[in-house]
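To start, the structure itself, in structure tokens.
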Amino acid sequence: MTVTTAIGIVLAAAALSAQSPAPATPHTADGKVDLNGIWGVAPLPPAAKPSQSVRWLLPLKGVNPEGNDVFKGLDRVQVNARAAASNKPEYKPELLAKVKELSDKQGVLDPAFYCKPQGVPRMGPPTQIVQTPGQVLFLYSASNLFRIIPTDGRPHRADADPSYMGDSIGRFEGDTLVVDVVNFNDDTWLGSDGYFHTEKMHVVERLTRKGDVLTYSATIDDPEVLAKPWTTTPRDLKLSTNPSDALLEAPPCVEHDAPHIVTLDHH
Amino acid sequence: MKRTLFAAFAALALGGASLSAHHSFAAEFDINKPITLQGTVTKVEWVNPHVYVYLDVKDANGKVTPWSLSSLSPGAARRAGVTRANFGQGQTVTVLAYHSKDGSNFGFMRRMTFADGHTVELWLGDDEAKK
């Protein structure tokens with residue numbers, strides 16, 4: 001066999017692999033797209049033995065781990081990454097100064113720093129979805145939180161207090177679950193950069209399954225503060241099939257740091 | 001034989017949602033004040049947003065001073081292969097840490113060295129940047 005032939009076979013195999021049909025999108029007995037599963041969970045490495053040496057660096061591109069820029073480097077890398085992002089919420093011009101002030105004082109003002117829920121939409125997509133006829137459950141492993149989302153056509157409830165995750169109702173549009181969320185409190189931010197909102201916030205989340213990939217995005221409107229609705233950049237979450245990806249109880253959040261914060265450095 | 005575990009870093013998308021929000025280390029700790037502490041690990045508090053290790057440090061006169069040490073998040077530690085069992089509960093260890101800016105007996109733990117010489121280091125940076 002010549003080298004050329006061998007390469008040809010490899011290329012043909014690669015092309016065949018690329019053309020093989022994507023996994024079908026499954027549906028439940030009642031005909032809805034089947035969202036059941038653990039989504040977007042990275043497999044964990046094996047646990048080190050108690051006598052095993054471990055050296056691990058939280059990756060900060062360009063920051064020398066032996067230099068004296070490590071702590072500020074962490075803040076700078078994250079702040080710069082967000083500053084460079086093209087997709088951000090757009091606030092009314094008269095509120096830009098407030099957003100900047102909150103952002104500058106994020107290190108002490110961000111509600112999520114005091115163990116409060118990040119809330120919808122900052123908490124992002126669920127890590128596991130449990131779907132039954134008439135309702136969908138979102139489970140969040142990082143925070144041990146859950147949401148119960150009726151899909152039986154009922155309206156938003158009118159008897160609940162405003163909350164961190166709001167009141168959700170869902171409906172299916174083709175292979176997309178659309179979740180409409182209202183009745184938020186104002187004790188969450190949309191992101192780290194001082195992105196506050198009011199209790200008038202309205203969020204619409206869209207979860208679309210194609211094969212073994214779930215795509216999540218949220219559209220946030222708050223006519224009190226935003227110049228126009230903001231849609232988050234869609235995130236693709238892969239279905240977990242490894243039994244070891246089963247969700248574990250997250251360690252609780254216990255705030256010890258606030259008394260030791262000396263400067264307004266933040267990330 | 002000692003082995004060093006190098007773990008792939010997968011899940012912590014910088015600026016991403018879903019992980020516990022945590023405070024800036026720069027707001028709390030002085031990178032220019034490294035300290036070495038020898039003591040007994042009295043407690044490992046496996047909590048978000050940062051793991052805490054409590055150390056009883058004994059001086060030459062036998063006086064014991066309790067220190068608390070912050071580390072990375074439990075999720076980041078686990079993605080490095082490190083569990084609570086790797087943080088030396090009940091053992092005498094030597095810790096390299098960075099002192100808190102408020103001067104209290106509090107620091108950010110970089111590396112723990114055990115009596116048998118093995119080490120656990122959870123730190124930040126990019127080895128490529130040393131060149």
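We label chains A, B, ... in the order they appear in the structure tokens, count residues from 1 in each chain, and number ligands from 1 in the order shown.
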
Residues within 8 Å of His50 (chain B), only C-alpha atoms, excluding chain neighbours under 6 positions, as a list in words: His22, Ser70, Ser71, Leu72, Ser73 and Pro74 of chain B

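When the distance limit is 7 Å and only C-alpha atoms are what count, the residues near Leu177 (chain A), minus those fewer than 6 positions from it on the same chain, are Gly170, Arg171, Arg206, Leu207 and Thr208 of chain A.
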
Shell of 10 Å around Gly67 (chain A), only C-alpha atoms, local chain residues under 2 positions omitted, as number ranges by chain: A: 63-65, 69-71, 73; B: 31-32, 125, 129-130

Secondary structure check, alpha helix (DSSP H) residues of region 103-247 of chain A, as a PyMOL selection string: chain A and resi 103-104+106-109

Neighbours of chain B in chain A at 7 Å, counting only C-alpha atoms, as number ranges by chain: A: 42, 44-48, 50-65, 68, 70-72, 75, 78, 82, 107, 112-113, 122-124, 142, 251-254, 260-267

DSSP strand (DSSP E) residues within region 81-219 of chain A, listed as number ranges by chain: A: 128-132, 135-140, 145-150, 167-173, 176-182, 202-210, 213-219

Distance in Å - CA of Tyr98 (chain B) versus CA of Val108 (chain A): 21.1 Å

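Residues in contact with Leu190 (chain A) at up to 9 Å, not including ones fewer than 4 positions away on its chain and judged by only C-alpha atoms, are A:Pro89, A:Gln118, A:Gly119, A:Val120, A:Pro121, A:Arg122, A:Gly194, A:Tyr195, A:Phe196, A:His197, A:Ile220.
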
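Contact shell of Gln131 (chain A) at 8 Å (only C-alpha atoms; same-chain neighbours under 6 positions omitted): Asp34, Leu35, Asn36 and Leu137 of chain A.
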
Pairwise distance for CA of Trp67 (chain B) and CA of Glu66 (chain A), rounded to one decimal in Å: 24.0 Å

Coordinates-based distance that separates CA of Tyr114 (chain A) from CA of His256 (chain A) (Å, one decimal): 9.2 Å

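Minimum distance to Thr231 (chain A) across A:Ser217, A:Ser143, A:Ser244, A:Asn185 (counting only C-alpha atoms) occurs at A:Ser217.
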
All residues 12 Å or closer to Leu55 (chain B), only C-alpha atoms, same chain fewer than 5 positions away omitted, as an NGL selection string: :B and (36-45 or 64-70 or 87-95 or 97 or 105-107 or 109 or 112)

Please produce an output containing N, CA and C atoms for each residue in the selection, written as a compact mmCIF listing (two decimals), in the first residue's frame.
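What landed in again-v4.txt:
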# COMPACT_ATOMS: atom_id res chain seq x y z
N THR B 36 5.55 31.04 55.87
CA THR B 36 5.63 29.59 56.03
C THR B 36 5.17 29.25 57.43
N LEU B 37 4.19 28.37 57.52
CA LEU B 37 3.60 28.01 58.80
C LEU B 37 3.73 26.51 59.00
N GLN B 38 4.15 26.12 60.20
CA GLN B 38 4.17 24.69 60.51
C GLN B 38 3.18 24.44 61.62
N GLY B 39 2.33 23.48 61.44
CA GLY B 39 1.33 23.24 62.47
C GLY B 39 0.51 22.01 62.18
N THR B 40 -0.50 21.83 63.02
CA THR B 40 -1.39 20.67 62.90
C THR B 40 -2.71 21.11 62.29
N VAL B 41 -3.16 20.37 61.30
CA VAL B 41 -4.45 20.68 60.67
C VAL B 41 -5.56 20.23 61.61
N THR B 42 -6.29 21.21 62.17
CA THR B 42 -7.35 20.86 63.12
C THR B 42 -8.70 20.68 62.43
N LYS B 43 -8.85 21.27 61.24
CA LYS B 43 -10.16 21.19 60.58
C LYS B 43 -10.00 21.52 59.10
N VAL B 44 -10.67 20.77 58.27
CA VAL B 44 -10.76 21.10 56.84
C VAL B 44 -12.23 21.40 56.56
N GLU B 45 -12.51 22.63 56.20
CA GLU B 45 -13.90 23.04 55.97
C GLU B 45 -14.14 23.05 54.45
N VAL B 64 0.45 28.06 71.23
CA VAL B 64 -0.30 27.68 70.03
C VAL B 64 -1.10 28.87 69.52
N THR B 65 -0.94 29.15 68.24
CA THR B 65 -1.72 30.21 67.60
C THR B 65 -2.55 29.60 66.47
N PRO B 66 -3.87 29.76 66.52
CA PRO B 66 -4.68 29.22 65.43
C PRO B 66 -4.65 30.13 64.19
N TRP B 67 -4.47 29.53 63.04
CA TRP B 67 -4.51 30.23 61.77
C TRP B 67 -5.64 29.64 60.93
N SER B 68 -6.23 30.47 60.07
CA SER B 68 -7.14 29.94 59.06
C SER B 68 -6.58 30.29 57.69
N LEU B 69 -6.76 29.36 56.77
CA LEU B 69 -6.17 29.48 55.44
C LEU B 69 -7.23 29.22 54.38
N SER B 70 -7.34 30.14 53.45
CA SER B 70 -8.27 29.97 52.35
C SER B 70 -7.56 29.28 51.20
N PHE B 87 -6.12 17.13 52.28
CA PHE B 87 -5.75 18.35 53.00
C PHE B 87 -5.31 18.11 54.43
N GLY B 88 -4.94 16.88 54.74
CA GLY B 88 -4.12 16.63 55.93
C GLY B 88 -4.79 16.75 57.28
N GLN B 89 -6.09 16.51 57.36
CA GLN B 89 -6.78 16.56 58.66
C GLN B 89 -5.99 15.78 59.72
N GLY B 90 -5.67 16.46 60.83
CA GLY B 90 -5.00 15.81 61.96
C GLY B 90 -3.49 15.66 61.81
N GLN B 91 -2.95 16.02 60.66
CA GLN B 91 -1.52 15.83 60.42
C GLN B 91 -0.72 17.11 60.68
N THR B 92 0.57 16.94 60.94
CA THR B 92 1.47 18.08 61.06
C THR B 92 2.03 18.39 59.68
N VAL B 93 1.85 19.60 59.26
CA VAL B 93 2.22 19.97 57.89
C VAL B 93 2.94 21.32 57.89
N THR B 94 3.59 21.61 56.77
CA THR B 94 4.18 22.92 56.55
C THR B 94 3.45 23.56 55.38
N VAL B 95 3.04 24.79 55.58
CA VAL B 95 2.20 25.45 54.58
C VAL B 95 2.90 26.70 54.07
N ALA B 97 1.92 30.08 52.42
CA ALA B 97 0.70 30.87 52.25
C ALA B 97 1.07 32.33 52.02
N ASN B 105 -4.56 36.44 61.54
CA ASN B 105 -3.91 35.14 61.35
C ASN B 105 -4.66 34.35 60.28
N PHE B 106 -4.55 34.86 59.08
CA PHE B 106 -5.34 34.37 57.96
C PHE B 106 -4.49 34.52 56.70
N GLY B 107 -4.55 33.54 55.83
CA GLY B 107 -3.76 33.61 54.62
C GLY B 107 -4.37 32.80 53.50
N MET B 109 -3.61 29.78 51.14
CA MET B 109 -2.69 28.64 51.10
C MET B 109 -2.34 28.29 49.66
N MET B 112 0.86 22.76 50.59
CA MET B 112 0.96 22.04 51.86
C MET B 112 1.98 20.92 51.68
